[in-house]
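Novice: The file below is data_2.txt, compact mmCIF, C-alpha atoms and all ligand atoms:
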# COMPACT_ATOMS: atom_id res chain seq x y z
CA MET A 1 -162.66 -51.35 -21.35
CA ALA A 2 -163.75 -47.93 -22.71
CA ALA A 3 -165.45 -47.20 -26.02
CA VAL A 4 -166.54 -43.96 -27.62
CA ASN A 5 -169.49 -43.17 -29.82
CA GLU A 6 -170.20 -39.80 -31.49
CA THR A 7 -173.65 -39.37 -29.97
CA ILE A 8 -173.49 -41.03 -26.56
CA GLY A 9 -169.82 -40.32 -25.86
CA PHE A 10 -167.70 -42.56 -23.63
CA GLN A 11 -168.88 -45.81 -22.09
CA ARG A 12 -166.72 -47.81 -19.71
CA GLU A 13 -166.75 -51.15 -17.89
CA ILE A 14 -164.12 -52.25 -15.37
CA HIS A 15 -164.40 -55.75 -13.88
CA ASN A 16 -162.46 -57.65 -11.29
CA ILE A 17 -161.35 -60.93 -12.90
CA GLU A 18 -159.23 -62.13 -9.96
CA ASN A 19 -161.57 -65.02 -9.31
CA SER A 20 -163.51 -65.48 -12.52
CA PRO A 21 -162.60 -66.02 -16.14
CA PHE A 22 -162.36 -62.94 -18.37
CA ARG A 23 -165.14 -64.24 -20.60
CA THR A 24 -167.78 -64.35 -17.88
CA LYS A 25 -167.45 -60.60 -17.37
CA PHE A 26 -166.82 -59.35 -20.88
CA ASP A 27 -169.04 -61.70 -22.88
CA ASN A 28 -171.22 -59.72 -25.25
CA ILE A 29 -169.46 -56.46 -24.42
CA ALA A 30 -169.70 -55.50 -28.08
CA GLY A 31 -173.48 -55.69 -27.67
CA ARG A 32 -173.46 -53.46 -24.61
CA MET A 33 -171.04 -50.79 -25.83
CA GLU A 34 -171.39 -48.65 -28.90
CA GLY A 35 -168.81 -46.96 -31.08
CA LYS A 36 -166.06 -47.56 -33.58
CA ALA A 37 -163.08 -47.13 -31.27
CA ALA A 38 -162.25 -48.73 -27.92
CA ILE A 39 -159.32 -49.43 -25.60
CA GLY A 40 -158.82 -51.87 -22.74
CA CYS A 41 -156.28 -53.54 -20.53
CA ILE A 42 -155.93 -56.36 -18.01
CA SER A 43 -154.03 -54.92 -15.07
CA ASP A 44 -152.98 -56.49 -11.77
CA GLN A 45 -152.47 -53.12 -10.16
CA ASP A 46 -154.51 -50.27 -11.53
CA PRO A 47 -158.21 -50.49 -12.45
CA GLN A 48 -158.34 -49.16 -16.01
CA PRO A 49 -159.11 -47.40 -18.34
CA LEU A 50 -159.64 -44.09 -16.54
CA LEU A 51 -161.76 -41.34 -18.07
CA ILE A 52 -160.02 -37.96 -17.89
CA ARG A 53 -161.54 -34.55 -18.49
CA SER A 54 -158.67 -32.22 -19.40
CA LYS A 55 -157.71 -29.18 -21.40
CA PHE A 56 -157.12 -31.62 -24.28
CA GLY A 57 -160.79 -32.69 -24.08
CA THR A 58 -162.16 -35.88 -22.56
CA TYR A 59 -160.14 -39.02 -23.14
CA ALA A 60 -159.78 -42.57 -21.85
CA ILE A 61 -156.34 -43.69 -20.77
CA THR A 62 -154.82 -47.10 -20.19
CA ILE A 63 -151.23 -48.08 -19.40
CA VAL A 64 -148.88 -51.08 -19.24
CA GLY A 65 -145.76 -50.93 -17.08
CA MET A 66 -144.72 -49.30 -13.85
CA ILE A 67 -143.94 -45.85 -12.46
CA ALA A 68 -141.17 -46.61 -9.97
CA ASN A 69 -141.10 -43.04 -8.64
CA ALA A 70 -144.91 -42.73 -8.40
CA ASP A 71 -144.89 -41.42 -4.81
CA ALA A 72 -142.36 -38.68 -5.52
CA LEU A 73 -144.19 -37.61 -8.68
CA ALA A 74 -147.56 -37.61 -6.89
CA GLU A 75 -146.17 -35.50 -4.07
CA ARG A 76 -144.75 -33.00 -6.50
CA LEU A 77 -148.03 -32.84 -8.42
CA LEU A 78 -150.09 -32.51 -5.24
CA SER A 79 -148.00 -29.59 -4.08
CA ARG A 80 -149.39 -27.62 -7.03
CA SER A 81 -152.68 -25.90 -6.44
CA GLY A 82 -155.74 -27.63 -7.84
CA VAL A 83 -154.27 -31.13 -8.30
CA ILE A 84 -156.18 -33.97 -6.65
CA PHE A 85 -156.12 -37.73 -7.27
CA GLN A 86 -159.28 -39.79 -7.14
CA GLY A 87 -158.38 -43.13 -8.69
CA MET A 88 -157.00 -44.77 -5.56
CA SER A 89 -156.40 -48.56 -5.28
CA GLY A 90 -155.85 -49.20 -1.59
CA ASN A 91 -153.28 -46.60 -0.57
CA ARG A 92 -151.87 -46.27 -4.07
CA ILE A 93 -152.69 -43.59 -6.55
CA ASN A 94 -153.66 -45.05 -9.90
CA SER A 95 -150.60 -44.81 -12.18
CA ALA A 96 -152.76 -43.83 -15.16
CA GLU A 97 -153.96 -40.80 -13.21
CA ILE A 98 -150.40 -39.74 -12.37
CA LEU A 99 -149.54 -40.04 -16.05
CA ALA A 100 -152.58 -37.95 -17.05
CA ALA A 101 -151.62 -35.25 -14.51
CA LEU A 102 -148.10 -35.10 -15.95
CA ILE A 103 -149.38 -34.87 -19.54
CA GLU A 104 -151.64 -32.01 -18.42
CA GLU A 105 -148.60 -29.94 -17.44
CA LYS A 106 -147.68 -29.29 -21.07
CA ASP A 107 -149.41 -27.52 -23.99
CA THR A 108 -149.88 -30.44 -26.37
CA ILE A 109 -150.47 -34.16 -25.95
CA GLU A 110 -147.18 -34.96 -27.65
CA GLU A 111 -145.18 -32.60 -25.41
CA GLY A 112 -147.07 -33.88 -22.37
CA ILE A 113 -146.30 -37.53 -23.15
CA ARG A 114 -142.62 -36.80 -23.80
CA TYR A 115 -142.43 -34.76 -20.60
CA ALA A 116 -144.11 -37.57 -18.63
CA GLN A 117 -141.77 -40.20 -20.13
CA ASP A 118 -138.78 -38.10 -19.05
CA ALA A 119 -140.15 -37.72 -15.52
CA ILE A 120 -141.08 -41.37 -15.06
CA GLU A 121 -138.61 -43.89 -13.67
CA GLY A 122 -139.58 -47.41 -14.70
CA ALA A 123 -141.25 -48.21 -18.01
CA LEU A 124 -144.66 -47.13 -19.20
CA CYS A 125 -146.51 -47.71 -22.47
CA LEU A 126 -149.80 -45.95 -22.96
CA LEU A 127 -152.91 -45.78 -25.05
CA LEU A 128 -155.32 -42.83 -25.15
CA LEU A 129 -158.76 -42.74 -26.78
CA PHE A 130 -160.23 -39.36 -27.69
CA GLU A 131 -163.82 -38.27 -28.24
CA ASN A 132 -163.29 -38.15 -32.04
CA GLY A 133 -162.31 -41.85 -31.98
CA HIS A 134 -158.60 -41.16 -32.55
CA LEU A 135 -156.05 -43.19 -30.59
CA VAL A 136 -152.68 -42.03 -29.36
CA CYS A 137 -150.23 -44.75 -28.40
CA ALA A 138 -146.68 -44.48 -27.07
CA ARG A 139 -143.96 -46.95 -26.22
CA ASP A 140 -141.83 -46.55 -23.07
CA LYS A 141 -138.75 -44.42 -23.51
CA ALA A 142 -136.18 -47.21 -23.23
CA GLY A 143 -138.20 -49.66 -25.31
CA ARG A 144 -138.32 -52.25 -22.53
CA LEU A 145 -141.88 -53.27 -23.45
CA PRO A 146 -143.32 -53.73 -26.93
CA VAL A 147 -146.12 -51.80 -28.61
CA THR A 148 -147.27 -53.11 -31.97
CA VAL A 149 -149.81 -51.81 -34.47
CA GLY A 150 -151.94 -53.78 -36.90
CA LYS A 151 -153.98 -52.56 -39.87
CA ASN A 152 -156.95 -53.70 -41.93
CA GLU A 153 -159.29 -51.97 -44.36
CA ASP A 154 -161.33 -50.47 -41.49
CA GLY A 155 -158.51 -48.96 -39.48
CA PHE A 156 -155.82 -49.76 -36.93
CA CYS A 157 -155.40 -51.87 -33.83
CA VAL A 158 -152.75 -51.44 -31.11
CA SER A 159 -151.56 -54.21 -28.82
CA PHE A 160 -148.75 -55.45 -26.60
CA GLU A 161 -148.79 -58.72 -28.57
CA SER A 162 -149.40 -58.82 -32.31
CA PHE A 163 -151.24 -62.15 -32.38
CA ALA A 164 -154.14 -60.46 -30.55
CA TYR A 165 -155.08 -58.45 -33.63
CA GLU A 166 -153.81 -60.94 -36.20
CA LYS A 167 -156.57 -63.27 -34.95
CA LEU A 168 -159.02 -60.52 -35.84
CA GLY A 169 -157.72 -60.19 -39.40
CA PHE A 170 -155.36 -57.23 -38.95
CA GLU A 171 -151.99 -57.35 -40.72
CA PRO A 172 -148.87 -56.29 -38.79
CA TYR A 173 -148.27 -52.61 -39.57
CA LYS A 174 -145.38 -51.57 -37.33
CA GLU A 175 -143.63 -51.99 -33.97
CA LEU A 176 -143.11 -48.66 -32.26
CA SER A 177 -139.56 -47.42 -31.61
CA SER A 178 -138.52 -46.57 -28.06
CA GLY A 179 -140.51 -43.53 -26.90
CA GLU A 180 -142.35 -43.24 -30.24
CA ILE A 181 -145.76 -41.54 -30.15
CA LEU A 182 -148.31 -42.36 -32.83
CA GLU A 183 -151.77 -40.90 -33.50
CA LEU A 184 -154.20 -43.21 -35.26
CA SER A 185 -157.38 -42.30 -37.09
CA PRO A 186 -159.29 -44.90 -39.14
CA THR A 187 -157.34 -43.85 -42.24
CA GLU A 188 -154.00 -42.50 -41.05
CA ALA A 189 -151.13 -43.31 -38.72
CA LYS A 190 -149.40 -40.04 -37.91
CA VAL A 191 -146.06 -40.08 -36.13
CA LEU A 192 -146.17 -37.36 -33.44
CA TYR A 193 -142.69 -38.21 -32.18
CA GLU A 194 -140.21 -40.58 -33.80
CA GLY A 195 -138.54 -41.79 -30.63
CA SER A 196 -135.18 -43.48 -30.68
CA LYS A 197 -133.78 -46.48 -32.52
CA LYS A 198 -131.89 -47.46 -29.35
CA LYS A 199 -133.72 -49.93 -27.15
CA LYS A 200 -133.41 -52.19 -24.14
CA ILE A 201 -136.23 -54.67 -24.60
CA CYS A 202 -136.89 -56.95 -21.63
CA ALA A 203 -135.25 -60.34 -22.29
CA PHE A 204 -137.69 -61.94 -19.85
CA LEU A 205 -140.48 -61.44 -22.41
CA TRP A 206 -139.00 -64.36 -24.32
CA THR A 207 -137.82 -66.55 -21.47
CA TYR A 208 -140.82 -66.26 -19.19
CA TYR A 209 -143.82 -63.96 -19.45
CA GLY A 210 -144.45 -63.42 -23.15
CA TYR A 211 -147.27 -65.51 -24.57
CA PRO A 212 -145.86 -68.37 -26.73
CA THR A 213 -147.49 -67.14 -29.93
CA ALA A 214 -146.22 -63.57 -29.47
CA THR A 215 -143.47 -62.21 -31.69
CA TYR A 216 -141.30 -59.33 -30.49
CA GLU A 217 -138.65 -57.71 -32.69
CA GLY A 218 -139.49 -60.38 -35.26
CA ILE A 219 -138.58 -63.19 -32.83
CA ASN A 220 -141.33 -65.61 -31.80
CA VAL A 221 -141.45 -66.53 -28.10
CA GLU A 222 -142.09 -70.28 -28.48
CA MET A 223 -139.34 -70.69 -31.08
CA MET A 224 -136.86 -68.74 -28.95
CA ARG A 225 -137.64 -71.01 -25.98
CA VAL A 226 -137.12 -74.20 -27.97
CA LYS A 227 -133.82 -72.84 -29.32
CA ASN A 228 -132.80 -71.76 -25.82
CA GLY A 229 -133.31 -75.32 -24.56
CA GLU A 230 -131.27 -76.69 -27.47
CA ILE A 231 -128.40 -74.31 -26.66
CA MET A 232 -128.49 -75.37 -23.00
CA ALA A 233 -128.26 -79.06 -23.91
CA GLU A 234 -125.56 -78.37 -26.50
CA THR A 235 -123.43 -76.54 -23.89
CA GLU A 236 -123.88 -79.34 -21.37
CA LYS A 237 -123.00 -81.99 -23.93
CA ARG A 238 -119.82 -80.07 -24.76
CA ASN A 239 -118.95 -79.64 -21.07
CA GLY A 240 -119.72 -83.29 -20.29
CA THR A 241 -122.34 -82.34 -17.67
CA LEU A 242 -125.43 -83.76 -19.38
CA PRO A 243 -126.98 -86.07 -16.78
CA ASP A 244 -128.16 -89.54 -17.70
CA VAL A 245 -131.93 -89.24 -17.21
CA ASP A 246 -135.04 -91.11 -18.28
CA TYR A 247 -136.98 -88.01 -19.23
CA VAL A 248 -136.54 -84.32 -19.91
CA CYS A 249 -139.53 -82.36 -18.64
CA GLY A 250 -140.67 -78.76 -18.39
CA VAL A 251 -142.09 -76.99 -15.35
CA PRO A 252 -145.42 -75.90 -16.89
CA ASP A 253 -146.24 -73.71 -18.60
CA SER A 254 -143.33 -71.61 -19.78
CA GLY A 255 -140.65 -74.20 -18.89
CA THR A 256 -142.16 -76.65 -21.39
CA PRO A 257 -140.81 -75.26 -24.71
CA HIS A 258 -137.34 -74.81 -23.18
CA ALA A 259 -137.54 -78.49 -22.18
CA ILE A 260 -138.68 -79.55 -25.64
CA GLY A 261 -135.56 -77.91 -27.10
CA TYR A 262 -133.36 -79.52 -24.44
CA ALA A 263 -134.88 -82.93 -25.18
CA HIS A 264 -134.39 -82.47 -28.96
CA TYR A 265 -130.72 -81.76 -28.63
CA SER A 266 -129.88 -84.16 -25.81
CA GLY A 267 -131.70 -87.04 -27.49
CA LYS A 268 -133.54 -87.85 -24.22
CA PRO A 269 -137.31 -88.35 -24.44
CA PHE A 270 -139.57 -85.49 -23.46
CA ALA A 271 -142.32 -86.35 -20.95
CA ARG A 272 -144.89 -84.66 -18.72
CA PRO A 273 -144.67 -86.41 -15.33
CA PHE A 274 -147.30 -84.09 -13.92
CA ILE A 275 -150.02 -82.12 -15.58
CA LYS A 276 -151.44 -78.87 -14.34
CA TYR A 277 -155.17 -79.05 -13.70
CA THR A 278 -156.38 -75.51 -14.17
CA PRO A 279 -160.07 -75.42 -15.15
CA ALA A 280 -161.16 -74.89 -11.54
CA TRP A 281 -158.59 -72.18 -10.89
CA ALA A 282 -158.57 -68.92 -12.78
CA ARG A 283 -155.04 -67.98 -13.95
CA SER A 284 -155.13 -64.70 -12.06
CA PHE A 285 -156.58 -66.08 -8.82
CA ILE A 286 -153.82 -65.86 -6.21
CA PRO A 287 -155.04 -66.30 -2.63
CA SER A 288 -153.51 -63.77 -0.29
CA ASN A 289 -152.50 -66.26 2.36
CA GLN A 290 -149.41 -68.41 1.89
CA LYS A 291 -150.97 -71.64 3.24
CA GLU A 292 -153.88 -71.35 0.84
CA ARG A 293 -151.49 -70.56 -2.06
CA LYS A 294 -149.48 -73.71 -1.35
CA LYS A 295 -152.60 -75.82 -1.11
CA ILE A 296 -153.89 -74.60 -4.47
CA ALA A 297 -150.48 -74.99 -6.16
CA LYS A 298 -150.48 -78.61 -4.93
CA MET A 299 -154.02 -79.26 -6.06
CA LYS A 300 -153.12 -78.06 -9.56
CA GLN A 301 -150.28 -80.61 -9.91
CA ILE A 302 -151.60 -84.03 -10.90
CA PRO A 303 -148.90 -86.74 -11.15
CA VAL A 304 -148.59 -89.35 -13.90
CA HIS A 305 -147.19 -92.07 -11.59
CA GLY A 306 -145.66 -94.23 -14.32
CA LEU A 307 -143.52 -91.31 -15.47
CA ILE A 308 -142.23 -90.47 -11.97
CA LYS A 309 -141.75 -93.67 -9.93
CA ASP A 310 -138.12 -94.87 -10.01
CA LYS A 311 -137.31 -92.43 -12.81
CA ASN A 312 -134.39 -90.04 -13.20
CA LEU A 313 -135.89 -86.74 -14.27
CA LEU A 314 -134.47 -83.49 -15.60
CA PHE A 315 -136.81 -80.51 -15.26
CA VAL A 316 -136.30 -77.22 -17.07
CA ASP A 317 -137.88 -74.17 -15.43
CA ASP A 318 -138.11 -70.75 -17.05
CA SER A 319 -136.21 -69.12 -14.18
CA ILE A 320 -135.49 -69.47 -10.48
CA VAL A 321 -136.51 -66.37 -8.52
CA ARG A 322 -137.12 -67.27 -4.87
CA GLY A 323 -137.07 -71.01 -5.45
CA THR A 324 -140.03 -71.68 -3.13
CA GLN A 325 -142.38 -73.13 -5.69
CA LEU A 326 -139.67 -75.10 -7.46
CA SER A 327 -138.55 -76.66 -4.20
CA GLU A 328 -142.14 -77.74 -3.52
CA THR A 329 -142.41 -79.22 -7.00
CA VAL A 330 -139.21 -81.21 -6.48
CA ASP A 331 -140.44 -82.48 -3.08
CA PHE A 332 -143.70 -83.48 -4.75
CA LEU A 333 -141.74 -85.50 -7.35
CA TYR A 334 -139.76 -87.29 -4.64
CA GLN A 335 -142.94 -87.99 -2.66
CA ASN A 336 -144.23 -89.66 -5.82
CA GLY A 337 -141.19 -91.91 -6.11
CA ALA A 338 -138.70 -90.06 -8.37
CA LYS A 339 -135.19 -91.51 -8.15
CA SER A 340 -133.42 -88.24 -9.00
CA VAL A 341 -134.47 -84.74 -10.00
CA HIS A 342 -132.05 -82.52 -11.93
CA ILE A 343 -132.96 -78.89 -12.44
CA ARG A 344 -132.06 -76.55 -15.30
CA SER A 345 -132.95 -72.87 -15.30
CA ALA A 346 -133.62 -71.42 -18.75
CA CYS A 347 -131.95 -68.16 -17.71
CA PRO A 348 -128.96 -67.14 -15.54
CA PRO A 349 -129.27 -66.73 -11.75
CA ILE A 350 -131.44 -63.71 -10.93
CA MET A 351 -129.25 -61.37 -8.91
CA TYR A 352 -131.07 -58.02 -9.02
CA GLY A 353 -134.73 -57.05 -8.53
CA CYS A 354 -136.32 -55.52 -11.63
CA LYS A 355 -136.58 -51.78 -11.12
CA TYR A 356 -138.30 -51.10 -14.40
CA LEU A 357 -141.41 -53.28 -14.47
CA ASN A 358 -141.93 -54.48 -10.91
CA PHE A 359 -141.36 -57.93 -12.33
CA SER A 360 -141.57 -60.62 -9.60
CA PRO A 361 -141.87 -58.05 -6.82
CA SER A 362 -139.97 -58.96 -3.68
CA ARG A 363 -139.77 -57.28 -0.35
CA SER A 364 -136.04 -57.09 -0.88
CA GLU A 365 -133.35 -58.37 -3.25
CA MET A 366 -132.38 -60.75 -0.45
CA ASP A 367 -135.52 -62.75 -1.31
CA LEU A 368 -133.74 -63.78 -4.52
CA LEU A 369 -132.49 -67.31 -4.05
CA ALA A 370 -129.09 -66.83 -5.74
CA ARG A 371 -128.29 -63.66 -3.79
CA ARG A 372 -129.41 -65.18 -0.48
CA THR A 373 -127.26 -68.25 -1.13
CA ILE A 374 -124.17 -66.15 -1.91
CA VAL A 375 -124.58 -64.24 1.36
CA ASP A 376 -125.01 -67.53 3.22
CA LEU A 377 -121.78 -68.80 1.63
CA GLU A 378 -119.49 -65.86 2.32
CA GLY A 379 -121.48 -62.93 3.70
CA GLU A 380 -122.09 -59.57 1.99
CA GLU A 381 -118.52 -59.69 0.57
CA GLY A 382 -119.71 -62.43 -1.79
CA LEU A 383 -121.93 -59.93 -3.61
CA SER A 384 -118.84 -58.28 -5.09
CA HIS A 385 -118.15 -61.56 -6.94
CA ILE A 386 -121.53 -61.98 -8.65
CA ASP A 387 -119.93 -62.48 -12.09
CA GLU A 388 -117.90 -65.41 -10.78
CA TYR A 389 -120.93 -66.95 -9.09
CA CYS A 390 -122.85 -66.81 -12.38
CA ASP A 391 -120.02 -68.56 -14.22
CA THR A 392 -120.34 -72.33 -13.88
CA THR A 393 -116.62 -72.89 -14.57
CA THR A 394 -115.37 -70.97 -11.50
CA GLU A 395 -115.02 -72.30 -7.95
CA ARG A 396 -117.60 -69.79 -6.73
CA GLY A 397 -119.94 -70.79 -9.58
CA LYS A 398 -119.67 -74.44 -8.57
CA LYS A 399 -120.23 -73.62 -4.90
CA LEU A 400 -123.39 -71.63 -5.67
CA ARG A 401 -124.89 -74.50 -7.66
CA ALA A 402 -123.96 -77.07 -5.00
CA ALA A 403 -125.39 -74.94 -2.16
CA ILE A 404 -128.71 -74.46 -3.99
CA CYS A 405 -128.88 -78.20 -4.76
CA LYS A 406 -128.40 -78.95 -1.07
CA ARG A 407 -130.93 -76.37 0.05
CA LEU A 408 -133.67 -77.36 -2.43
CA HIS A 409 -132.91 -81.10 -2.77
CA PHE A 410 -131.86 -81.07 -6.44
CA ASP A 411 -129.52 -83.75 -7.75
CA SER A 412 -127.84 -81.23 -10.02
CA LEU A 413 -128.43 -77.68 -11.14
CA GLU A 414 -127.35 -75.58 -14.10
CA PHE A 415 -128.32 -72.19 -15.47
CA GLN A 416 -128.43 -70.93 -19.03
CA SER A 417 -125.68 -68.32 -19.57
CA LEU A 418 -126.30 -64.73 -20.60
CA ASP A 419 -124.56 -65.40 -23.92
CA GLY A 420 -126.81 -68.41 -24.43
CA ILE A 421 -129.97 -66.34 -23.86
CA ALA A 422 -128.77 -63.60 -26.22
CA LYS A 423 -127.95 -66.22 -28.87
CA ALA A 424 -131.39 -67.83 -28.50
CA ILE A 425 -133.15 -64.47 -28.88
CA GLY A 426 -130.88 -63.56 -31.76
CA ILE A 427 -131.02 -59.74 -31.63
CA ASP A 428 -128.02 -57.55 -30.83
CA PRO A 429 -127.31 -58.10 -27.08
CA SER A 430 -126.90 -54.33 -26.61
CA GLU A 431 -130.62 -54.03 -27.42
CA LEU A 432 -131.68 -56.34 -24.59
CA CYS A 433 -132.37 -55.45 -20.97
CA THR A 434 -130.59 -58.05 -18.84
CA TYR A 435 -130.40 -55.97 -15.65
CA CYS A 436 -131.91 -58.60 -13.35
CA TRP A 437 -129.09 -60.99 -14.27
CA ASN A 438 -126.03 -58.76 -14.55
CA GLY A 439 -127.10 -55.45 -12.96
CA LYS A 440 -126.08 -53.55 -16.11
CA GLU A 441 -128.40 -50.70 -17.03
S1 LIG B 1 -134.68 -55.98 -15.15
FE1 LIG B 1 -135.18 -58.03 -15.91
S2 LIG B 1 -137.42 -58.19 -15.81
FE2 LIG B 1 -136.87 -56.01 -15.59
S3 LIG B 1 -136.99 -55.17 -17.67
FE3 LIG B 1 -134.88 -55.80 -17.37
S4 LIG B 1 -134.76 -57.95 -18.08
FE4 LIG B 1 -136.92 -57.41 -17.84
Would you write out, as structure tokens, the structure that this file holds?
Ligand code: SF4

Specialist:
Amino acid sequence: MAAVNETIGFQREIHNIENSPFRTKFDNIAGRMEGKAAIGCISDQDPQPLLIRSKFGTYAITIVGMIANADALAERLLSRSGVIFQGMSGNRINSAEILAALIEEKDTIEEGIRYAQDAIEGALCLLLLFENGHLVCARDKAGRLPVTVGKNEDGFCVSFESFAYEKLGFEPYKELSSGEILELSPTEAKVLYEGSKKKKICAFLWTYYGYPTATYEGINVEMMRVKNGEIMAETEKRNGTLPDVDYVCGVPDSGTPHAIGYAHYSGKPFARPFIKYTPAWARSFIPSNQKERKKIAKMKQIPVHGLIKDKNLLFVDDSIVRGTQLSETVDFLYQNGAKSVHIRSACPPIMYGCKYLNFSPSRSEMDLLARRTIVDLEGEEGLSHIDEYCDTTTERGKKLRAAICKRLHFDSLEFQSLDGIAKAIGIDPSELCTYCWNGKE
């Protein structure tokens, strides 16, 4: 976090919260830092905010998103005399520093941000804090990620998720358009660049990683998930594929609201056959070694025996990426006496790695369960029939589902369709990024 005060200037604290709750590090930060303007970010990759001394004055910078061509941009910048990078994390150059170096190439902040957004492949939203307490925020050029602004009588607040400032008494003021750049003083929001009305907002925000209370494009995440589950059950009822189960359950946490919707529509009771025990494990703590990761994932799952033994269960998960964790969850249910475990994915099979946000990073696209299974079924040739494999009514679609069931010990498997997801979100499908499902840019 960085704050600025007229007399003492910038103050900054960056903490590692990999293995400790946020609160333990940032408690009483308002008592330690002085000023009327501040920015901050929780980042898995780049320690932030950075403090930059530039021809535009000193400013703090923080970012959300990914620069996919960071190496190429850094090389180009380094080839110019006088450019050095200091904010290294391991072997990586801090993305915020690359962004600042790009901005520096132009004569004004607005031109610099637009120039950087054109040069960047991926998606990057940013927030700058200047010595005079003004903020400049910008949304990524394609509008894949949200940036929202709130207002109260004292000024403005910018966030990825509006509920963050609504809790603090700010009223929603606006959602930025794709590429829009806004300068905020305590009294004025000045549009530096209007951006574009076209957008490709990440559909995964709703299905998986958005916080349940967040609202993007006017659509609340929790409500979308419940509706998505209802649509899945409705489709299965129509197709006659709804299994006869004792309980409908969600893979916690984000699978749960999809499951609630599925249970509503199917008329089957919702239950929680295992509960995640998390107080001992910080959300962001991910041990680097696989054995340790498995052990901790297991320790977090506490069974409710009466809801598992001899029961037919249907579990809804938010998505199936590699399938490793889901397969372990299903084995855990069988070890605890489940009679059958049916799996439903709240989104279509993931066929392409995300090249915009580094979402669920994999060594290769062949780590993706659906893709790997297709290649196992009919070699590389199968990848030219991805549309058929996604479609549950085709022979290839049926084979894909059956092969995954066999591999991961599911009794049945179905995926939400792309149309179903778009209907559950409810905005024009052309405004959604669905690349990881259909490969369409
Ligand atoms: S590719 Fe997938 S995860 Fe990446 S932005 Fe698009 S929808 Fe989101």

Novice: Using only C-alpha atoms and a cutoff of 12 Å, can you tell me which residues are near (-167.8, -57.3, -22.1) in the file's coordinates, and write them out as a ChimeraX atom specification?

Specialist: /A:1-3,11-15,17,21-34,38,40

Novice: Excluding stretch 93-95 of chain A and its own-chain neighbours fewer than 5 positions away, which residues fall within 10 Å of it when counting all atoms listed in the file? Please give them as number ranges by chain.

Specialist: A: 45-48, 50, 62-68, 70-71, 74, 85-88, 100-101, 124

Novice: Could I get the residue neighbourhood of ligand LIG 1 (chain B) at 12 Å, counting all atoms listed in the file, as a PyMOL selection string?

Specialist: chain A and resi 65-66+68+122-124+140+142-146+199-210+319+321+347-361+418+421-422+429+431-441

Novice: Atom CA of A:Arg80 and atom CA of A:Lys106, how far apart in Å?

Specialist: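 Computing it gives 14.2 Å between the two atoms.
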
Novice: Identify the residues within 9 Å of coordinate (-134.0, -81.6, -6.1) (same frame as the file), considering only C-alpha atoms, and give the answer as a PDB file with C-alpha atoms, in the coordinates of the input.

Specialist:
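And here is the file that came out, out06.pdb:
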ATOM      1  CA  LEU A 326    -139.670 -75.100  -7.460  1.00  0.00           C
ATOM      2  CA  SER A 327    -138.550 -76.660  -4.200  1.00  0.00           C
ATOM      3  CA  THR A 329    -142.410 -79.220  -7.000  1.00  0.00           C
ATOM      4  CA  VAL A 330    -139.210 -81.210  -6.480  1.00  0.00           C
ATOM      5  CA  ASP A 331    -140.440 -82.480  -3.080  1.00  0.00           C
ATOM      6  CA  LEU A 333    -141.740 -85.500  -7.350  1.00  0.00           C
ATOM      7  CA  TYR A 334    -139.760 -87.290  -4.640  1.00  0.00           C
ATOM      8  CA  SER A 340    -133.420 -88.240  -9.000  1.00  0.00           C
ATOM      9  CA  VAL A 341    -134.470 -84.740 -10.000  1.00  0.00           C
ATOM     10  CA  HIS A 342    -132.050 -82.520 -11.930  1.00  0.00           C
ATOM     11  CA  ILE A 343    -132.960 -78.890 -12.440  1.00  0.00           C
ATOM     12  CA  CYS A 405    -128.880 -78.200  -4.760  1.00  0.00           C
ATOM     13  CA  LYS A 406    -128.400 -78.950  -1.070  1.00  0.00           C
ATOM     14  CA  ARG A 407    -130.930 -76.370   0.050  1.00  0.00           C
ATOM     15  CA  LEU A 408    -133.670 -77.360  -2.430  1.00  0.00           C
ATOM     16  CA  HIS A 409    -132.910 -81.100  -2.770  1.00  0.00           C
ATOM     17  CA  PHE A 410    -131.860 -81.070  -6.440  1.00  0.00           C
ATOM     18  CA  ASP A 411    -129.520 -83.750  -7.750  1.00  0.00           C
ATOM     19  CA  SER A 412    -127.840 -81.230 -10.020  1.00  0.00           C
ATOM     20  CA  LEU A 413    -128.430 -77.680 -11.140  1.00  0.00           C
TER      21      LEU A 413
END

Novice: Can you tell me which residues surround A:Gly229 at a distance of at most 6 Å, considering all atoms listed in the file, apart from same-chain residues fewer than 6 positions away, and format the answer as a PyMOL selection string?

Specialist: chain A and resi 258-259+261-262

Novice: Quick one: write out the picked residues with C-alpha atoms as a PDB file, keeping the file's coordinate frame?

Specialist:
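again-v9.pdb written:
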ATOM      1  CA  HIS A 258    -137.340 -74.810 -23.180  1.00  0.00           C
ATOM      2  CA  ALA A 259    -137.540 -78.490 -22.180  1.00  0.00           C
ATOM      3  CA  GLY A 261    -135.560 -77.910 -27.100  1.00  0.00           C
ATOM      4  CA  TYR A 262    -133.360 -79.520 -24.440  1.00  0.00           C
TER       5      TYR A 262
END

Novice: So that each row is one residue of stretch 220-262 of chain A with an atom at most 8 Å from stretch 211-214 of chain A, can you give its shortest atom pair and the distance in Å to one decimal, using only C-alpha atoms, rows by chain and rising number, as JSON lines?

Specialist:
{"residue": "A:Asn220", "atom": "CA", "partner": "A:Ala214", "partner_atom": "CA", "distance": 5.8}
{"residue": "A:Val221", "atom": "CA", "partner": "A:Pro212", "partner_atom": "CA", "distance": 5.0}
{"residue": "A:Glu222", "atom": "CA", "partner": "A:Pro212", "partner_atom": "CA", "distance": 4.6}

Novice: Check the smallest atom-to-atom distance from each of A:Ser178, A:Ser266, A:Asn16, A:Thr373 to A:Asp246 using all atoms listed in the file, then report the winner.

Specialist: A:Ser266
